Amino acid sequence: MSGSRVIALGHYQPAKVLTNDELAAMVDTSDEWIRSRVGIHTRRIAGPDETVAAMAGEAAAKALATSGLDPAAIDLVLVATCTAVDRSPNTAARVAARLGLTSPAVMDVNVVCSGFTHALASADHAIRAGAATNALVVGVEKFTDVVDWTDRSTCVLVGDGAGAAVVSASEEPGIGPVVWGSVPDMGHAVRIEGTPSRFAQEGQSVYRWATTQLPPIARSVCERAGVTPEELAAVVLHQANLRIIEPVARRIGAVNAVVATDVTESGNTSAASIPLALSKLVERGAIPSGAPVLLFGFGGNLSYAGQVIRCP
């Protein structure tokens with residue numbers, strides 16, 4: 001096979017919605033303060049039974065059902081997450097067991113907010129190398145487990161959820177070359193550390209890096225895929241903050257693209273944000289099948305990874 005392509009998508013979000021006004025009753029903030037600084041209106045909050053593995057399994061099951069593949073055909077499961085509590089079996093193995101998969105390779109990927117695009121590239125590479133034929137790639141987070149609900153600078157940002165893709169071998173490649181990297185000496189700008197683990201970040205450092213350094217890298221993703229920014233049908237960036245998404249998308253030059261802004265209703269769901277936003281756009285019919293879509297993840301570790309895919 002000469003490549004791979006995304007053939008199906010699925011997503012899952014908890015039913016519980018937390019509004020800005022409800023947050024304002026918990027910490028010193030307001031709906032106007034949150035909207036003006038990050039653009040978020042609401043976020044979803046997982047319950048005690050909605051574990052990382054459970055949410056990943058729900059999204060993966062929907063993607064698998066949409067693909068029409070027999071579960072036995074899945075020979076690789078990659079789960080991108082930085083919030084899984086349980087270490088072994090890993091989340092990918094738990095998803096495989098929930099779906100009744102027979103003997104897939106199972107790996108978790110922790111690259112925080114760019115985890116899904118890293119995992120998608122890894123699945124594409126495995127298929128190109130002949131090590132897999134059909135892969136499940138999931139991004140999932142229960143970020144509300146690691147947030148300090150008394151810290152208004154971080155608790156207003158996060159939400160929970162999962163998104164998944166089925167990736168299959170294809171004679172006509174539908175996943176372009178990945179462009180990925182990091183800034184290791186600035187990795188401290190986004191942290192989940194300590195016992196219990198808590199999320200912290202240097203917001204201004206992340207904002208400056210994202211808005212100034214990432215647009216040319218994102219344009220290079222298009223160049224490697226042989227697509228101009230003007231040809232993109234959609235741009236799905238990591239849903240970090242509307243004040244980052246809008247200027248980065250503008251500087252990429254994708255003037256004809258739908259720009260995903262799921263952050264407004266879902267908050268920052270880290271590794272889940274790109275597949276969650278993409279799945280919603282496809283479900284709404286906002287992107288034509290076969291159209292080029294830029295996926296670009298960035299954040300924790302000050303890492304980034306992006307590729308152009310063809311919409312399923």
# chains A, B, ... in the order shown; residues from 1 in each chain; ligands from 1
$ residues_around --residues "stretch 101-107 of chain A" --least-positions-apart "6" --cutoff "8 Å" --atoms "only C-alpha atoms" --output "PyMOL selection string"
chain A and resi 71-72+74-79+90-93
$ write_last_selection --atoms "N, CA, C and O atoms" --output "mmCIF file, in the first residue's frame"
data_model
loop_
_atom_site.group_PDB
_atom_site.id
_atom_site.type_symbol
_atom_site.label_atom_id
_atom_site.label_comp_id
_atom_site.auth_asym_id
_atom_site.auth_seq_id
_atom_site.Cartn_x
_atom_site.Cartn_y
_atom_site.Cartn_z
ATOM 1 N N PRO A 71 -14.664 -5.530 13.909
ATOM 2 C CA PRO A 71 -13.681 -5.235 14.952
ATOM 3 C C PRO A 71 -12.391 -6.043 14.820
ATOM 4 O O PRO A 71 -11.309 -5.549 15.162
ATOM 5 N N ALA A 72 -12.497 -7.256 14.307
ATOM 6 C CA ALA A 72 -11.309 -8.096 14.149
ATOM 7 C C ALA A 72 -10.318 -7.524 13.150
ATOM 8 O O ALA A 72 -9.147 -7.933 13.129
ATOM 9 N N ILE A 74 -9.213 -4.467 13.108
ATOM 10 C CA ILE A 74 -8.366 -3.448 13.738
ATOM 11 C C ILE A 74 -7.128 -4.123 14.318
ATOM 12 O O ILE A 74 -7.229 -4.994 15.193
ATOM 13 N N ASP A 75 -5.957 -3.722 13.822
ATOM 14 C CA ASP A 75 -4.729 -4.354 14.318
ATOM 15 C C ASP A 75 -3.795 -3.383 15.035
ATOM 16 O O ASP A 75 -2.685 -3.742 15.414
ATOM 17 N N LEU A 76 -4.256 -2.153 15.250
ATOM 18 C CA LEU A 76 -3.466 -1.177 15.994
ATOM 19 C C LEU A 76 -4.404 -0.201 16.680
ATOM 20 O O LEU A 76 -5.329 0.317 16.052
ATOM 21 N N VAL A 77 -4.179 0.034 17.972
ATOM 22 C CA VAL A 77 -4.941 1.037 18.727
ATOM 23 C C VAL A 77 -3.949 1.994 19.372
ATOM 24 O O VAL A 77 -3.063 1.572 20.133
ATOM 25 N N LEU A 78 -4.082 3.269 19.040
ATOM 26 C CA LEU A 78 -3.252 4.316 19.629
ATOM 27 C C LEU A 78 -4.161 5.298 20.355
ATOM 28 O O LEU A 78 -5.110 5.815 19.761
ATOM 29 N N VAL A 79 -3.884 5.549 21.614
ATOM 30 C CA VAL A 79 -4.688 6.492 22.398
ATOM 31 C C VAL A 79 -3.789 7.616 22.892
ATOM 32 O O VAL A 79 -2.812 7.383 23.615
ATOM 33 N N ASN A 90 -2.854 -0.272 29.849
ATOM 34 C CA ASN A 90 -2.925 1.107 29.388
ATOM 35 C C ASN A 90 -4.297 1.398 28.777
ATOM 36 O O ASN A 90 -5.139 0.513 28.626
ATOM 37 N N THR A 91 -4.532 2.660 28.450
ATOM 38 C CA THR A 91 -5.857 3.048 27.950
ATOM 39 C C THR A 91 -6.175 2.357 26.638
ATOM 40 O O THR A 91 -7.318 1.936 26.402
ATOM 41 N N ALA A 92 -5.181 2.228 25.763
ATOM 42 C CA ALA A 92 -5.417 1.572 24.475
ATOM 43 C C ALA A 92 -5.870 0.124 24.669
ATOM 44 O O ALA A 92 -6.776 -0.351 23.976
ATOM 45 N N ALA A 93 -5.265 -0.580 25.622
ATOM 46 C CA ALA A 93 -5.663 -1.964 25.891
ATOM 47 C C ALA A 93 -7.082 -2.020 26.449
ATOM 48 O O ALA A 93 -7.859 -2.930 26.130
#
$ select_by_dssp --residues "stretch 169-301 of chain A" --states "strand (DSSP E)" --output "ChimeraX atom specification"
/A:169-170,179-182,190-193,198-201,234-237,258-259,292-299
$ closest_residue --among "A:Leu302, A:Ala126, A:Cys82, A:Val38" --to "A:Asp185" --atoms "only C-alpha atoms"
A:Leu302
$ residues_around --residues "A:Leu9" --least-positions-apart "4" --cutoff "10 Å" --atoms "only C-alpha atoms" --output "PDB file with N, CA, C and O atoms, in the first residue's frame"
ATOM      1  N   ALA A  59     -16.096   6.994  22.013  1.00  0.00           N
ATOM      2  CA  ALA A  59     -15.747   7.651  20.750  1.00  0.00           C
ATOM      3  C   ALA A  59     -15.243   6.640  19.730  1.00  0.00           C
ATOM      4  O   ALA A  59     -15.600   6.695  18.542  1.00  0.00           O
ATOM      5  N   ALA A  60     -14.405   5.699  20.175  1.00  0.00           N
ATOM      6  CA  ALA A  60     -13.852   4.687  19.274  1.00  0.00           C
ATOM      7  C   ALA A  60     -14.945   3.784  18.720  1.00  0.00           C
ATOM      8  O   ALA A  60     -14.918   3.409  17.540  1.00  0.00           O
ATOM      9  N   ALA A  61     -15.917   3.425  19.560  1.00  0.00           N
ATOM     10  CA  ALA A  61     -17.012   2.563  19.107  1.00  0.00           C
ATOM     11  C   ALA A  61     -17.817   3.243  18.002  1.00  0.00           C
ATOM     12  O   ALA A  61     -18.221   2.598  17.025  1.00  0.00           O
ATOM     13  N   LYS A  62     -18.046   4.551  18.142  1.00  0.00           N
ATOM     14  CA  LYS A  62     -18.792   5.283  17.111  1.00  0.00           C
ATOM     15  C   LYS A  62     -18.005   5.338  15.804  1.00  0.00           C
ATOM     16  O   LYS A  62     -18.573   5.150  14.719  1.00  0.00           O
ATOM     17  N   ALA A  63     -16.707   5.600  15.907  1.00  0.00           N
ATOM     18  CA  ALA A  63     -15.892   5.648  14.693  1.00  0.00           C
ATOM     19  C   ALA A  63     -15.849   4.285  14.023  1.00  0.00           C
ATOM     20  O   ALA A  63     -15.955   4.177  12.790  1.00  0.00           O
ATOM     21  N   LEU A  64     -15.705   3.233  14.813  1.00  0.00           N
ATOM     22  CA  LEU A  64     -15.644   1.879  14.257  1.00  0.00           C
ATOM     23  C   LEU A  64     -16.959   1.511  13.587  1.00  0.00           C
ATOM     24  O   LEU A  64     -16.977   0.935  12.483  1.00  0.00           O
ATOM     25  N   ALA A  65     -18.083   1.851  14.221  1.00  0.00           N
ATOM     26  CA  ALA A  65     -19.388   1.547  13.629  1.00  0.00           C
ATOM     27  C   ALA A  65     -19.568   2.297  12.302  1.00  0.00           C
ATOM     28  O   ALA A  65     -20.078   1.729  11.328  1.00  0.00           O
ATOM     29  N   THR A  66     -19.138   3.549  12.255  1.00  0.00           N
ATOM     30  CA  THR A  66     -19.259   4.327  11.030  1.00  0.00           C
ATOM     31  C   THR A  66     -18.385   3.766   9.915  1.00  0.00           C
ATOM     32  O   THR A  66     -18.740   3.826   8.733  1.00  0.00           O
ATOM     33  N   SER A  67     -17.225   3.201  10.283  1.00  0.00           N
ATOM     34  CA  SER A  67     -16.290   2.677   9.287  1.00  0.00           C
ATOM     35  C   SER A  67     -16.827   1.450   8.567  1.00  0.00           C
ATOM     36  O   SER A  67     -16.431   1.166   7.429  1.00  0.00           O
ATOM     37  N   LEU A 136      -7.167   2.276  15.014  1.00  0.00           N
ATOM     38  CA  LEU A 136      -8.023   3.191  15.759  1.00  0.00           C
ATOM     39  C   LEU A 136      -7.118   4.210  16.436  1.00  0.00           C
ATOM     40  O   LEU A 136      -6.184   3.824  17.161  1.00  0.00           O
ATOM     41  N   VAL A 137      -7.373   5.482  16.192  1.00  0.00           N
ATOM     42  CA  VAL A 137      -6.585   6.545  16.813  1.00  0.00           C
ATOM     43  C   VAL A 137      -7.543   7.410  17.620  1.00  0.00           C
ATOM     44  O   VAL A 137      -8.513   7.944  17.077  1.00  0.00           O
ATOM     45  N   VAL A 138      -7.270   7.531  18.922  1.00  0.00           N
ATOM     46  CA  VAL A 138      -8.185   8.222  19.827  1.00  0.00           C
ATOM     47  C   VAL A 138      -7.440   9.325  20.566  1.00  0.00           C
ATOM     48  O   VAL A 138      -6.299   9.139  21.004  1.00  0.00           O
ATOM     49  N   GLY A 163     -12.354  12.045  21.029  1.00  0.00           N
ATOM     50  CA  GLY A 163     -12.601  11.954  19.592  1.00  0.00           C
ATOM     51  C   GLY A 163     -11.769  10.826  19.031  1.00  0.00           C
ATOM     52  O   GLY A 163     -10.688  10.521  19.556  1.00  0.00           O
ATOM     53  N   ALA A 164     -12.256  10.188  17.978  1.00  0.00           N
ATOM     54  CA  ALA A 164     -11.564   9.013  17.437  1.00  0.00           C
ATOM     55  C   ALA A 164     -11.637   8.989  15.919  1.00  0.00           C
ATOM     56  O   ALA A 164     -12.569   9.529  15.319  1.00  0.00           O
ATOM     57  N   ALA A 165     -10.645   8.338  15.333  1.00  0.00           N
ATOM     58  CA  ALA A 165     -10.598   8.152  13.887  1.00  0.00           C
ATOM     59  C   ALA A 165     -10.212   6.711  13.579  1.00  0.00           C
ATOM     60  O   ALA A 165      -9.399   6.109  14.293  1.00  0.00           O
ATOM     61  N   VAL A 166     -10.802   6.166  12.519  1.00  0.00           N
ATOM     62  CA  VAL A 166     -10.346   4.897  11.964  1.00  0.00           C
ATOM     63  C   VAL A 166      -9.486   5.218  10.759  1.00  0.00           C
ATOM     64  O   VAL A 166      -9.898   5.968   9.869  1.00  0.00           O
ATOM     65  N   VAL A 167      -8.275   4.684  10.764  1.00  0.00           N
ATOM     66  CA  VAL A 167      -7.307   4.933   9.697  1.00  0.00           C
ATOM     67  C   VAL A 167      -7.015   3.607   9.003  1.00  0.00           C
ATOM     68  O   VAL A 167      -6.677   2.619   9.664  1.00  0.00           O
ATOM     69  N   PRO A 275      -9.665  15.781  17.258  1.00  0.00           N
ATOM     70  CA  PRO A 275     -10.635  14.819  16.721  1.00  0.00           C
ATOM     71  C   PRO A 275     -12.073  15.135  17.115  1.00  0.00           C
ATOM     72  O   PRO A 275     -13.002  14.861  16.359  1.00  0.00           O
ATOM     73  N   LEU A 276     -12.263  15.728  18.293  1.00  0.00           N
ATOM     74  CA  LEU A 276     -13.598  16.124  18.730  1.00  0.00           C
ATOM     75  C   LEU A 276     -14.162  17.193  17.811  1.00  0.00           C
ATOM     76  O   LEU A 276     -15.294  17.085  17.308  1.00  0.00           O
ATOM     77  N   LEU A 278     -13.113  17.993  14.755  1.00  0.00           N
ATOM     78  CA  LEU A 278     -13.216  17.481  13.383  1.00  0.00           C
ATOM     79  C   LEU A 278     -14.452  16.610  13.219  1.00  0.00           C
ATOM     80  O   LEU A 278     -15.193  16.733  12.227  1.00  0.00           O
ATOM     81  N   SER A 279     -14.680  15.722  14.174  1.00  0.00           N
ATOM     82  CA  SER A 279     -15.842  14.834  14.096  1.00  0.00           C
ATOM     83  C   SER A 279     -17.145  15.623  14.062  1.00  0.00           C
ATOM     84  O   SER A 279     -18.070  15.297  13.309  1.00  0.00           O
ATOM     85  N   LYS A 280     -17.219  16.687  14.847  1.00  0.00           N
ATOM     86  CA  LYS A 280     -18.425  17.516  14.858  1.00  0.00           C
ATOM     87  C   LYS A 280     -18.635  18.221  13.517  1.00  0.00           C
ATOM     88  O   LYS A 280     -19.766  18.297  13.013  1.00  0.00           O
ATOM     89  N   VAL A 282     -17.597  17.221  10.559  1.00  0.00           N
ATOM     90  CA  VAL A 282     -17.997  16.225   9.564  1.00  0.00           C
ATOM     91  C   VAL A 282     -19.439  15.790   9.800  1.00  0.00           C
ATOM     92  O   VAL A 282     -20.218  15.639   8.846  1.00  0.00           O
ATOM     93  N   GLU A 283     -19.816  15.600  11.052  1.00  0.00           N
ATOM     94  CA  GLU A 283     -21.189  15.210  11.379  1.00  0.00           C
ATOM     95  C   GLU A 283     -22.197  16.241  10.894  1.00  0.00           C
ATOM     96  O   GLU A 283     -23.297  15.900  10.447  1.00  0.00           O
ATOM     97  N   CYS A 311     -10.768  14.657   3.969  1.00  0.00           N
ATOM     98  CA  CYS A 311     -11.940  14.432   4.822  1.00  0.00           C
ATOM     99  C   CYS A 311     -12.640  13.135   4.439  1.00  0.00           C
ATOM    100  O   CYS A 311     -12.856  12.871   3.253  1.00  0.00           O
ATOM    101  N   PRO A 312     -12.990  12.291   5.412  1.00  0.00           N
ATOM    102  CA  PRO A 312     -13.699  11.046   5.073  1.00  0.00           C
ATOM    103  C   PRO A 312     -15.102  11.329   4.533  1.00  0.00           C
ATOM    104  O   PRO A 312     -15.644  12.401   4.724  1.00  0.00           O
TER     105      PRO A 312
END
$ select_by_dssp --residues "stretch 45-256 of chain A" --states "helix (DSSP H, G or I)" --output "number ranges by chain"
A: 52-67, 71-73, 91-99, 112-128, 143-145, 152-155, 184-189, 203-225, 229-231, 242-252
$ closest_atom_pairs --of "stretch 161-207 of chain A" --to "stretch 145-154 of chain A" --cutoff "6 Å" --atoms "only C-alpha atoms" --output "CSV"
residue,atom,partner,partner_atom,distance
A:Ser197,CA,A:Val146,CA,5.6
A:Arg198,CA,A:Val146,CA,4.7
A:Phe199,CA,A:Val147,CA,5.3
$ residues_around --residues "A:Arg44" --least-positions-apart "2" --cutoff "8 Å" --atoms "only C-alpha atoms" --output "VMD selection string"
chain A and resid 13 to 18 42 46 159 to 161 266 to 267
$ write_last_selection --atoms "N, CA, C and O atoms" --output "tab-separated table (two decimals), in the first residue's frame"
chain	number	residue	atom	x	y	z
A	13	GLN	N	-18.86	13.24	24.38
A	13	GLN	CA	-18.75	14.26	25.42
A	13	GLN	C	-19.69	13.94	26.57
A	13	GLN	O	-20.81	13.47	26.35
A	14	PRO	N	-19.27	14.20	27.80
A	14	PRO	CA	-20.17	14.01	28.94
A	14	PRO	C	-21.41	14.90	28.81
A	14	PRO	O	-21.37	15.95	28.17
A	15	ALA	N	-22.48	14.47	29.46
A	15	ALA	CA	-23.73	15.24	29.39
A	15	ALA	C	-23.69	16.51	30.23
A	15	ALA	O	-24.34	17.51	29.90
A	16	LYS	N	-22.91	16.49	31.32
A	16	LYS	CA	-22.92	17.64	32.23
A	16	LYS	C	-22.22	18.84	31.60
A	16	LYS	O	-21.07	18.77	31.16
A	17	VAL	N	-22.93	19.97	31.55
A	17	VAL	CA	-22.40	21.22	31.01
A	17	VAL	C	-22.14	22.16	32.17
A	17	VAL	O	-22.98	22.34	33.06
A	18	LEU	N	-20.95	22.77	32.18
A	18	LEU	CA	-20.61	23.78	33.18
A	18	LEU	C	-20.50	25.13	32.48
A	18	LEU	O	-19.65	25.32	31.59
A	42	THR	N	-18.99	27.49	27.47
A	42	THR	CA	-19.34	26.32	28.28
A	42	THR	C	-18.23	25.28	28.13
A	42	THR	O	-17.39	25.36	27.24
A	46	ALA	N	-16.89	15.44	33.04
A	46	ALA	CA	-17.14	14.00	33.17
A	46	ALA	C	-17.49	13.64	34.61
A	46	ALA	O	-16.96	14.22	35.57
A	159	GLY	N	-12.01	21.20	29.72
A	159	GLY	CA	-13.19	20.36	29.60
A	159	GLY	C	-12.77	18.93	29.33
A	159	GLY	O	-11.59	18.63	29.15
A	160	ASP	N	-13.76	18.03	29.31
A	160	ASP	CA	-13.52	16.60	29.12
A	160	ASP	C	-14.18	16.11	27.84
A	160	ASP	O	-15.20	16.65	27.41
A	161	GLY	N	-13.61	15.06	27.26
A	161	GLY	CA	-14.22	14.47	26.07
A	161	GLY	C	-13.25	13.60	25.31
A	161	GLY	O	-12.10	13.39	25.73
A	266	SER	N	-16.80	23.57	24.16
A	266	SER	CA	-16.21	22.39	24.79
A	266	SER	C	-15.04	22.70	25.70
A	266	SER	O	-14.60	21.82	26.45
A	267	GLY	N	-14.50	23.92	25.64
A	267	GLY	CA	-13.31	24.22	26.39
A	267	GLY	C	-12.09	23.55	25.78
A	267	GLY	O	-12.15	22.97	24.69
